[in-house]
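S.K.: Sharing a structure with you now.
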Amino acid sequence: MTEVPLLVTRCGSCTLRYLPRAGPCPRCGASNPLPFSVPPLGSVLAATELTSPAAGWPAPHRLALVELAESVRVLAIVEGELPSIGSTVEVVHDVETYHTRPPH
């Protein structure tokens, strides 16, 4: 299976890299975002398992903070077992959320 690059944004003024969102740059307020893509593989910086998540979320609910290329960080829902810190995972984006899974 081919890994699908993730779309991210770079501010044309201050060069902050962030996940696509509506509105101006969260750092400088500029309105000149530049879309680009990064590989979906990243390193796990932190991971946690919530045994009593908020209403509507399954238990246990696992989350991981993943650093992608260009120092872009994403908080993603973990599919499967909780990854260890430093491990490599693939980040997949669906319509509303980001998910991790072991790399293929």
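We label chains A, B, ... in the order they appear in the structure tokens, count residues from 1 in each chain, and number ligands from 1 in the order shown.
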Could you pull out all residues of range 44-94 of chain A with a DSSP call of strand (DSSP E) and give them as number ranges by chain?

M.R.: A: 44-50, 61-67, 73-78, 88-93

S.K.: Which neighbours of Thr88 in chain A fall inside 10 Å, counting only C-alpha atoms, when residues of the same chain fewer than 2 positions from it are skipped, and could you give them as a list in words?

M.R.: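 Listed by chain and then number, they are Leu41, Gly42, Ser43, Val44, Leu45, Val66, Glu67, Leu68, Pro83, Ser84, Ile85, Gly86, Glu90, Val91, Thr100, Arg101, Pro102 and Pro103 of chain A.
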
S.K.: What does the structure give for the distance between CA of Ser13 in chain A and CA of Arg73 in chain A, in Å to one decimal?

M.R.: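 For CA of Ser13 in chain A relative to CA of Arg73 in chain A, the distance reads 20.0 Å.
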
S.K.: Go through range 59-83 of chain A and flag each residue having an atom no more than 8 Å from range 92-98 of chain A; for those, report the closest pair of atoms plus their distance in Å to one decimal, using only C-alpha atoms, ordered by chain and rising number, as CSV.

M.R.:
```
residue,atom,partner,partner_atom,distance
A:Val74,CA,A:Tyr98,CA,7.7
A:Leu75,CA,A:Tyr98,CA,7.3
A:Ala76,CA,A:Tyr98,CA,4.8
A:Ile77,CA,A:Tyr98,CA,6.3
```

S.K.: Would you export the selected residues with C-alpha atoms as an mmCIF file, in the first residue's frame, please?

M.R.:
```
data_model
loop_
_atom_site.group_PDB
_atom_site.id
_atom_site.type_symbol
_atom_site.label_atom_id
_atom_site.label_comp_id
_atom_site.auth_asym_id
_atom_site.auth_seq_id
_atom_site.Cartn_x
_atom_site.Cartn_y
_atom_site.Cartn_z
ATOM 1 C CA VAL A 74 -0.136 16.361 15.101
ATOM 2 C CA LEU A 75 -2.235 14.872 17.888
ATOM 3 C CA ALA A 76 -3.720 11.687 16.450
ATOM 4 C CA ILE A 77 -6.059 8.926 17.517
#
```

S.K.: Please determine, counting only C-alpha atoms, which residue among A:Ala47, A:Leu34, A:Ala54, A:Ala59 has the shortest atom-to-atom distance to Tyr18 in chain A.

M.R.: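 For Tyr18 in chain A, the nearest of the candidates is A:Leu34.
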
S.K.: Quick one: distance from CA of Val72 in chain A to CA of Val4 in chain A in Å, one decimal?

M.R.: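 Separation between CA of Val72 in chain A and CA of Val4 in chain A: 16.1 Å.
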
S.K.: Using only C-alpha atoms, find the one residue out of A:Glu49, A:Trp57, A:Pro40, A:Thr9 that sits nearest to Ala22 in chain A.

M.R.: A:Thr9

S.K.: Give me, please, the distance in Å between CA of Leu6 in chain A and CA of Phe36 in chain A, quoted to one decimal.

M.R.: 8.4 Å

S.K.: Using only C-alpha atoms, which residues sit within 8 Å of Asn32 in chain A once same-chain residues fewer than 3 positions away are excluded, as a list in words?

M.R.: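 The residues satisfying every condition are Cys11, Gly12, Ser13 and Pro24 of chain A.
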
S.K.: Restricting the output to C-alpha atoms, write the selected residues as an mmCIF file, in the first residue's frame.

M.R.:
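Done, and the output landed in result-v5.cif:
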```cif
data_model
loop_
_atom_site.group_PDB
_atom_site.id
_atom_site.type_symbol
_atom_site.label_atom_id
_atom_site.label_comp_id
_atom_site.auth_asym_id
_atom_site.auth_seq_id
_atom_site.Cartn_x
_atom_site.Cartn_y
_atom_site.Cartn_z
ATOM 1 C CA CYS A 11 2.946 30.829 6.264
ATOM 2 C CA GLY A 12 4.347 32.937 3.425
ATOM 3 C CA SER A 13 5.390 35.640 5.907
ATOM 4 C CA PRO A 24 -4.883 33.683 9.109
#
```

S.K.: Mind checking which residues fall within 10 Å of Arg21 in chain A, counting only C-alpha atoms, ignoring those fewer than 4 positions away in the same chain, and posting them as a PyMOL selection string?

M.R.: chain A and resi 8-9+25-26+33

S.K.: Counting only C-alpha atoms, which residue out of A:Leu7, A:Ala46, A:Val38, A:Leu82 sits closest to His61 in chain A?

M.R.: A:Leu82
